[in-house]
Amino acid sequence: MSERLRNPAVVLDPGAAGIGIIHALSLAEVPTVAVVRDWPPMISRLSRFLRYCETYSPRRGETVLDGLERLARRFDGKGVLFPSTDIDLEAIIIGRERLAERYWIPASPEIGLKIDGKNWQYEYADKVGMPTPRHVLFRGGEQPDVQGFRFPLIVKPSARGATAGDWVFRLQILDDAAALEQCLATVARDY
């Protein structure tokens, strides 16, 4: 970064969604930088519109927060964060105190990690009259009432366990009743 930027847009680990954010910001000539993992390498996929890219190394125990702290030494003002994954959004919500002096955090502290909870999202959508996809809520070990639903079905956990170190699947697309039964057995056993 040859010039010292002021109040840049900061895109985290930009995959397809992040590249779209970078390109949209470039149309408005917003100075944009990125923070990316060094492994698996992401730099080759990044946009020519970035002014600078800071890396962090999970292999060395670094997190996106470490990369953000290093990046903050390279610009003036307060960066505006654009996380492109749920994992990065969780990290910056958890690291709010560590980042708040130099970055605008794109999540309300009152909402916090509830933002990831599908049940919370659906309840809130219902309160404000926002339509939601047809869905049924159930706990692991329960048999959901899917009478009247058609295949394929999508099964998603209400919340991710990544912040606690647990692995939770993102979603399962089920083509038939046998796949549903197998998925429910796995959920009952593992979750």
# chains A, B, ... in the order shown; residues from 1 in each chain; ligands from 1
call {"tool": "residues_around", "arguments": {"residues": "stretch 140-145 of chain A", "least_positions_apart": "3", "cutoff": "12 Å", "atoms": "only C-alpha atoms", "output": "mmCIF file with all heavy atoms, in the first residue's frame"}}
result
data_model
loop_
_atom_site.group_PDB
_atom_site.id
_atom_site.type_symbol
_atom_site.label_atom_id
_atom_site.label_comp_id
_atom_site.auth_asym_id
_atom_site.auth_seq_id
_atom_site.Cartn_x
_atom_site.Cartn_y
_atom_site.Cartn_z
ATOM 1 N N ARG A 134 -40.815 -22.274 4.030
ATOM 2 C CA ARG A 134 -41.528 -23.252 4.845
ATOM 3 C C ARG A 134 -40.494 -24.025 5.658
ATOM 4 O O ARG A 134 -39.484 -24.496 5.130
ATOM 5 C CB ARG A 134 -42.301 -24.197 3.934
ATOM 6 C CG ARG A 134 -43.181 -25.140 4.691
ATOM 7 C CD ARG A 134 -44.028 -25.934 3.746
ATOM 8 N NE ARG A 134 -44.978 -26.707 4.526
ATOM 9 C CZ ARG A 134 -45.776 -27.592 4.011
ATOM 10 N NH1 ARG A 134 -45.760 -27.814 2.707
ATOM 11 N NH2 ARG A 134 -46.609 -28.252 4.770
ATOM 12 N N HIS A 135 -40.722 -24.122 6.958
ATOM 13 C CA HIS A 135 -39.734 -24.765 7.813
ATOM 14 C C HIS A 135 -40.397 -25.376 9.043
ATOM 15 O O HIS A 135 -41.538 -25.047 9.370
ATOM 16 C CB HIS A 135 -38.665 -23.763 8.262
ATOM 17 C CG HIS A 135 -39.213 -22.632 9.078
ATOM 18 N ND1 HIS A 135 -39.818 -21.529 8.508
ATOM 19 C CD2 HIS A 135 -39.272 -22.431 10.420
ATOM 20 C CE1 HIS A 135 -40.208 -20.708 9.464
ATOM 21 N NE2 HIS A 135 -39.895 -21.220 10.631
ATOM 22 N N VAL A 136 -39.662 -26.260 9.675
ATOM 23 C CA VAL A 136 -40.084 -26.863 10.931
ATOM 24 C C VAL A 136 -38.848 -26.917 11.828
ATOM 25 O O VAL A 136 -37.753 -27.213 11.358
ATOM 26 C CB VAL A 136 -40.716 -28.254 10.726
ATOM 27 C CG1 VAL A 136 -39.742 -29.234 10.114
ATOM 28 C CG2 VAL A 136 -41.269 -28.806 12.013
ATOM 29 N N LEU A 137 -39.027 -26.566 13.099
ATOM 30 C CA LEU A 137 -37.930 -26.606 14.052
ATOM 31 C C LEU A 137 -37.997 -27.905 14.841
ATOM 32 O O LEU A 137 -39.086 -28.349 15.204
ATOM 33 C CB LEU A 137 -38.032 -25.416 15.019
ATOM 34 C CG LEU A 137 -38.106 -24.033 14.366
ATOM 35 C CD1 LEU A 137 -38.275 -22.956 15.433
ATOM 36 C CD2 LEU A 137 -36.880 -23.769 13.521
ATOM 37 N N GLY A 148 -46.500 -33.024 4.234
ATOM 38 C CA GLY A 148 -46.830 -31.971 3.280
ATOM 39 C C GLY A 148 -45.611 -31.310 2.659
ATOM 40 O O GLY A 148 -45.746 -30.532 1.718
ATOM 41 N N PHE A 149 -44.400 -31.568 3.178
ATOM 42 C CA PHE A 149 -43.180 -31.048 2.569
ATOM 43 C C PHE A 149 -42.834 -31.924 1.367
ATOM 44 O O PHE A 149 -43.200 -33.086 1.310
ATOM 45 C CB PHE A 149 -42.007 -31.102 3.562
ATOM 46 C CG PHE A 149 -42.010 -30.015 4.591
ATOM 47 C CD1 PHE A 149 -42.982 -29.970 5.576
ATOM 48 C CD2 PHE A 149 -41.023 -29.043 4.596
ATOM 49 C CE1 PHE A 149 -42.984 -28.989 6.542
ATOM 50 C CE2 PHE A 149 -41.004 -28.058 5.559
ATOM 51 C CZ PHE A 149 -41.987 -28.020 6.534
ATOM 52 N N LEU A 153 -35.398 -31.857 0.592
ATOM 53 C CA LEU A 153 -35.474 -31.081 1.824
ATOM 54 C C LEU A 153 -34.076 -30.584 2.180
ATOM 55 O O LEU A 153 -33.083 -31.249 1.877
ATOM 56 C CB LEU A 153 -35.983 -31.936 2.985
ATOM 57 C CG LEU A 153 -37.411 -32.447 2.909
ATOM 58 C CD1 LEU A 153 -37.690 -33.336 4.116
ATOM 59 C CD2 LEU A 153 -38.387 -31.282 2.882
ATOM 60 N N VAL A 155 -31.843 -29.593 5.479
ATOM 61 C CA VAL A 155 -31.738 -29.614 6.939
ATOM 62 C C VAL A 155 -30.528 -28.770 7.306
ATOM 63 O O VAL A 155 -29.419 -28.999 6.809
ATOM 64 C CB VAL A 155 -31.579 -31.055 7.470
ATOM 65 C CG1 VAL A 155 -31.350 -31.054 8.971
ATOM 66 C CG2 VAL A 155 -32.796 -31.888 7.118
ATOM 67 N N LYS A 156 -30.772 -27.768 8.174
ATOM 68 C CA LYS A 156 -29.701 -26.887 8.634
ATOM 69 C C LYS A 156 -29.740 -26.826 10.146
ATOM 70 O O LYS A 156 -30.814 -26.772 10.725
ATOM 71 C CB LYS A 156 -29.913 -25.465 8.098
ATOM 72 C CG LYS A 156 -29.797 -25.328 6.600
ATOM 73 C CD LYS A 156 -29.976 -23.908 6.168
ATOM 74 C CE LYS A 156 -28.707 -23.144 6.425
ATOM 75 N NZ LYS A 156 -28.647 -21.844 5.777
ATOM 76 N N PRO A 157 -28.578 -26.772 10.780
ATOM 77 C CA PRO A 157 -28.579 -26.576 12.227
ATOM 78 C C PRO A 157 -29.027 -25.152 12.550
ATOM 79 O O PRO A 157 -28.836 -24.240 11.745
ATOM 80 C CB PRO A 157 -27.125 -26.800 12.629
ATOM 81 C CG PRO A 157 -26.338 -26.542 11.397
ATOM 82 C CD PRO A 157 -27.229 -26.889 10.233
ATOM 83 N N SER A 158 -29.620 -24.969 13.709
ATOM 84 C CA SER A 158 -30.048 -23.638 14.119
ATOM 85 C C SER A 158 -28.856 -22.723 14.320
ATOM 86 O O SER A 158 -28.923 -21.536 14.034
ATOM 87 C CB SER A 158 -30.859 -23.713 15.404
ATOM 88 O OG SER A 158 -31.122 -22.407 15.877
ATOM 89 N N LEU A 180 -33.463 -38.659 4.559
ATOM 90 C CA LEU A 180 -33.946 -37.935 5.740
ATOM 91 C C LEU A 180 -33.742 -38.772 6.999
ATOM 92 O O LEU A 180 -33.235 -38.290 8.007
ATOM 93 C CB LEU A 180 -35.423 -37.553 5.579
ATOM 94 C CG LEU A 180 -36.080 -36.915 6.809
ATOM 95 C CD1 LEU A 180 -35.371 -35.620 7.209
ATOM 96 C CD2 LEU A 180 -37.563 -36.673 6.541
ATOM 97 N N GLU A 181 -34.112 -40.054 6.939
ATOM 98 C CA GLU A 181 -33.958 -40.924 8.110
ATOM 99 C C GLU A 181 -32.493 -41.057 8.508
ATOM 100 O O GLU A 181 -32.158 -41.013 9.687
ATOM 101 C CB GLU A 181 -34.574 -42.302 7.836
ATOM 102 C CG GLU A 181 -36.080 -42.295 7.755
ATOM 103 C CD GLU A 181 -36.748 -41.653 8.971
ATOM 104 O OE1 GLU A 181 -36.351 -41.962 10.120
ATOM 105 O OE2 GLU A 181 -37.645 -40.824 8.773
ATOM 106 N N GLN A 182 -31.613 -41.196 7.523
ATOM 107 C CA GLN A 182 -30.181 -41.304 7.809
ATOM 108 C C GLN A 182 -29.669 -40.008 8.455
ATOM 109 O O GLN A 182 -28.928 -40.048 9.435
ATOM 110 C CB GLN A 182 -29.408 -41.618 6.540
ATOM 111 C CG GLN A 182 -27.921 -41.795 6.790
ATOM 112 C CD GLN A 182 -27.164 -42.133 5.518
ATOM 113 O OE1 GLN A 182 -27.713 -42.215 4.431
ATOM 114 N NE2 GLN A 182 -25.870 -42.332 5.668
ATOM 115 N N CYS A 183 -30.077 -38.864 7.923
ATOM 116 C CA CYS A 183 -29.669 -37.579 8.478
ATOM 117 C C CYS A 183 -30.169 -37.423 9.907
ATOM 118 O O CYS A 183 -29.416 -37.007 10.795
ATOM 119 C CB CYS A 183 -30.190 -36.443 7.604
ATOM 120 S SG CYS A 183 -29.753 -34.799 8.240
ATOM 121 N N LEU A 184 -31.424 -37.770 10.164
ATOM 122 C CA LEU A 184 -31.992 -37.656 11.508
ATOM 123 C C LEU A 184 -31.275 -38.560 12.499
ATOM 124 O O LEU A 184 -31.045 -38.188 13.649
ATOM 125 C CB LEU A 184 -33.496 -37.968 11.495
ATOM 126 C CG LEU A 184 -34.356 -36.937 10.753
ATOM 127 C CD1 LEU A 184 -35.799 -37.425 10.694
ATOM 128 C CD2 LEU A 184 -34.254 -35.569 11.384
ATOM 129 N N ALA A 185 -30.874 -39.756 12.054
ATOM 130 C CA ALA A 185 -30.127 -40.663 12.915
ATOM 131 C C ALA A 185 -28.760 -40.058 13.266
ATOM 132 O O ALA A 185 -28.323 -40.127 14.430
ATOM 133 C CB ALA A 185 -29.956 -42.024 12.251
ATOM 134 N N THR A 186 -28.110 -39.453 12.307
ATOM 135 C CA THR A 186 -26.812 -38.812 12.546
ATOM 136 C C THR A 186 -26.956 -37.646 13.505
ATOM 137 O O THR A 186 -26.176 -37.487 14.450
ATOM 138 C CB THR A 186 -26.175 -38.333 11.217
ATOM 139 O OG1 THR A 186 -26.001 -39.461 10.370
ATOM 140 C CG2 THR A 186 -24.862 -37.628 11.448
ATOM 141 N N VAL A 187 -27.977 -36.810 13.282
ATOM 142 C CA VAL A 187 -28.224 -35.659 14.158
ATOM 143 C C VAL A 187 -28.519 -36.128 15.576
ATOM 144 O O VAL A 187 -27.991 -35.585 16.555
ATOM 145 C CB VAL A 187 -29.367 -34.780 13.601
ATOM 146 C CG1 VAL A 187 -29.818 -33.738 14.616
ATOM 147 C CG2 VAL A 187 -28.935 -34.098 12.302
ATOM 148 N N ALA A 188 -29.323 -37.165 15.724
ATOM 149 C CA ALA A 188 -29.669 -37.688 17.058
ATOM 150 C C ALA A 188 -28.426 -38.223 17.761
ATOM 151 O O ALA A 188 -28.261 -38.047 18.965
ATOM 152 C CB ALA A 188 -30.716 -38.778 16.936
ATOM 153 N N ARG A 189 -27.552 -38.870 17.013
ATOM 154 C CA ARG A 189 -26.357 -39.473 17.598
ATOM 155 C C ARG A 189 -25.283 -38.419 17.933
ATOM 156 O O ARG A 189 -24.678 -38.468 18.993
ATOM 157 C CB ARG A 189 -25.765 -40.497 16.618
ATOM 158 C CG ARG A 189 -24.537 -41.223 17.146
ATOM 159 C CD ARG A 189 -23.880 -42.097 16.101
ATOM 160 N NE ARG A 189 -23.258 -41.254 15.095
ATOM 161 C CZ ARG A 189 -23.502 -41.332 13.783
ATOM 162 N NH1 ARG A 189 -24.334 -42.233 13.305
ATOM 163 N NH2 ARG A 189 -22.910 -40.540 12.928
ATOM 164 N N ASP A 190 -25.072 -37.456 17.019
ATOM 165 C CA ASP A 190 -23.925 -36.535 17.139
ATOM 166 C C ASP A 190 -24.240 -35.183 17.747
ATOM 167 O O ASP A 190 -23.334 -34.461 18.144
ATOM 168 C CB ASP A 190 -23.286 -36.312 15.766
ATOM 169 C CG ASP A 190 -22.680 -37.599 15.207
ATOM 170 O OD1 ASP A 190 -22.458 -38.534 15.992
ATOM 171 O OD2 ASP A 190 -22.430 -37.647 13.992
ATOM 172 N N TYR A 191 -25.524 -34.804 17.798
ATOM 173 C CA TYR A 191 -25.825 -33.445 18.235
ATOM 174 C C TYR A 191 -26.839 -33.485 19.342
ATOM 175 O O TYR A 191 -27.410 -32.665 19.808
ATOM 176 C CB TYR A 191 -26.309 -32.595 17.070
ATOM 177 C CG TYR A 191 -25.330 -32.625 15.908
ATOM 178 C CD1 TYR A 191 -25.589 -33.380 14.784
ATOM 179 C CD2 TYR A 191 -24.141 -31.938 15.997
ATOM 180 C CE1 TYR A 191 -24.671 -33.425 13.755
ATOM 181 C CE2 TYR A 191 -23.226 -31.977 14.968
ATOM 182 C CZ TYR A 191 -23.511 -32.726 13.839
ATOM 183 O OH TYR A 191 -22.600 -32.774 12.823
#
call {"tool": "residues_around", "arguments": {"residues": "A:Ile154", "least_positions_apart": "3", "cutoff": "8 Å", "atoms": "only C-alpha atoms", "output": "list in words"}}
result
Leu171, Gln172, Ile173 and Leu174 of chain A
call {"tool": "write_last_selection", "arguments": {"atoms": "N, CA, C and O atoms", "output": "PDB file, in the first residue's frame"}}
result
ATOM      1  N   LEU A 171     -25.312 -27.565   6.055  1.00  0.00           N
ATOM      2  CA  LEU A 171     -26.637 -27.974   5.601  1.00  0.00           C
ATOM      3  C   LEU A 171     -26.532 -29.316   4.925  1.00  0.00           C
ATOM      4  O   LEU A 171     -25.469 -29.726   4.491  1.00  0.00           O
ATOM      5  N   GLN A 172     -27.645 -29.993   4.878  1.00  0.00           N
ATOM      6  CA  GLN A 172     -27.744 -31.266   4.169  1.00  0.00           C
ATOM      7  C   GLN A 172     -28.923 -31.143   3.205  1.00  0.00           C
ATOM      8  O   GLN A 172     -29.993 -30.676   3.606  1.00  0.00           O
ATOM      9  N   ILE A 173     -28.714 -31.539   1.967  1.00  0.00           N
ATOM     10  CA  ILE A 173     -29.796 -31.585   0.988  1.00  0.00           C
ATOM     11  C   ILE A 173     -30.191 -33.049   0.852  1.00  0.00           C
ATOM     12  O   ILE A 173     -29.364 -33.893   0.509  1.00  0.00           O
ATOM     13  N   LEU A 174     -31.450 -33.321   1.154  1.00  0.00           N
ATOM     14  CA  LEU A 174     -31.936 -34.696   1.218  1.00  0.00           C
ATOM     15  C   LEU A 174     -32.913 -34.950   0.084  1.00  0.00           C
ATOM     16  O   LEU A 174     -33.905 -34.235  -0.060  1.00  0.00           O
TER      17      LEU A 174
END
call {"tool": "closest_residue", "arguments": {"among": "A:Phe82, A:Tyr56, A:Phe75, A:Phe49", "to": "A:Val36", "atoms": "only C-alpha atoms"}}
result
A:Tyr56
call {"tool": "atom_distance", "arguments": {"atom1": "atom CA of A:Val64", "atom2": "atom CA of A:Ile92"}}
result
8.3 Å
call {"tool": "atom_distance", "arguments": {"atom1": "atom CA of A:Ala178", "atom2": "atom CA of A:Phe151"}}
result
11.1 Å
call {"tool": "atom_distance", "arguments": {"atom1": "atom CA of A:Arg74", "atom2": "atom CA of A:Ser26"}}
result
19.8 Å
call {"tool": "select_by_dssp", "arguments": {"residues": "chain A", "states": "alpha helix (DSSP H)", "output": "PyMOL selection string"}}
result
chain A and resi 16-27+64-72+86-94+96-99+118-128+177-190
call {"tool": "residues_around", "arguments": {"residues": "stretch 106-123 of chain A", "least_positions_apart": "2", "cutoff": "9 Å", "atoms": "only C-alpha atoms", "output": "PyMOL selection string"}}
result
chain A and resi 80-83+86+89-90+92-94+96+104+125-128+130-132+137+156-160
call {"tool": "residues_around", "arguments": {"residues": "A:Pro14", "least_positions_apart": "3", "cutoff": "8 Å", "atoms": "only C-alpha atoms", "output": "PyMOL selection string"}}
result
chain A and resi 11+17-19+34+36+42+46+83-84
call {"tool": "write_last_selection", "arguments": {"atoms": "N, CA, C and O atoms", "output": "mmCIF file, in the first residue's frame"}}
result
data_model
loop_
_atom_site.group_PDB
_atom_site.id
_atom_site.type_symbol
_atom_site.label_atom_id
_atom_site.label_comp_id
_atom_site.auth_asym_id
_atom_site.auth_seq_id
_atom_site.Cartn_x
_atom_site.Cartn_y
_atom_site.Cartn_z
ATOM 1 N N VAL A 11 -12.410 -6.111 3.596
ATOM 2 C CA VAL A 11 -13.124 -7.342 3.276
ATOM 3 C C VAL A 11 -12.323 -8.510 3.846
ATOM 4 O O VAL A 11 -11.118 -8.609 3.636
ATOM 5 N N ALA A 17 -18.544 -14.106 -2.452
ATOM 6 C CA ALA A 17 -19.300 -12.971 -1.905
ATOM 7 C C ALA A 17 -18.380 -11.782 -1.676
ATOM 8 O O ALA A 17 -18.739 -10.636 -1.981
ATOM 9 N N GLY A 18 -17.186 -12.043 -1.151
ATOM 10 C CA GLY A 18 -16.249 -10.958 -0.888
ATOM 11 C C GLY A 18 -15.774 -10.271 -2.150
ATOM 12 O O GLY A 18 -15.617 -9.042 -2.175
ATOM 13 N N ILE A 19 -15.538 -11.044 -3.202
ATOM 14 C CA ILE A 19 -15.132 -10.438 -4.479
ATOM 15 C C ILE A 19 -16.244 -9.528 -5.000
ATOM 16 O O ILE A 19 -15.988 -8.435 -5.501
ATOM 17 N N ALA A 34 -7.998 -6.045 2.052
ATOM 18 C CA ALA A 34 -8.505 -7.349 2.476
ATOM 19 C C ALA A 34 -7.580 -7.953 3.525
ATOM 20 O O ALA A 34 -6.393 -7.623 3.589
ATOM 21 N N VAL A 36 -6.692 -11.905 4.601
ATOM 22 C CA VAL A 36 -6.914 -13.267 4.110
ATOM 23 C C VAL A 36 -5.994 -14.263 4.798
ATOM 24 O O VAL A 36 -4.901 -13.917 5.253
ATOM 25 N N MET A 42 -5.435 -17.832 -0.675
ATOM 26 C CA MET A 42 -6.589 -17.175 -1.288
ATOM 27 C C MET A 42 -6.149 -16.030 -2.184
ATOM 28 O O MET A 42 -6.921 -15.503 -2.947
ATOM 29 N N LEU A 46 -7.928 -13.018 -5.597
ATOM 30 C CA LEU A 46 -8.369 -11.692 -5.198
ATOM 31 C C LEU A 46 -8.459 -10.731 -6.372
ATOM 32 O O LEU A 46 -7.876 -10.923 -7.423
ATOM 33 N N PRO A 83 -17.311 -8.797 6.583
ATOM 34 C CA PRO A 83 -17.010 -10.231 6.636
ATOM 35 C C PRO A 83 -17.767 -10.945 5.532
ATOM 36 O O PRO A 83 -18.921 -10.634 5.256
ATOM 37 N N SER A 84 -17.103 -11.900 4.888
ATOM 38 C CA SER A 84 -17.793 -12.617 3.810
ATOM 39 C C SER A 84 -18.133 -14.047 4.194
ATOM 40 O O SER A 84 -18.680 -14.781 3.384
#
call {"tool": "closest_residue", "arguments": {"among": "A:Val33, A:Val146, A:Leu65, A:Leu12", "to": "A:Glu97", "atoms": "only C-alpha atoms"}}
result
A:Leu65
call {"tool": "residues_around", "arguments": {"residues": "A:Arg51", "least_positions_apart": "2", "cutoff": "12 Å", "atoms": "only C-alpha atoms", "output": "VMD selection string"}}
result
chain A and resid 1 to 6 8 to 11 22 25 to 26 29 to 35 46 to 49 53 to 54 74 to 75
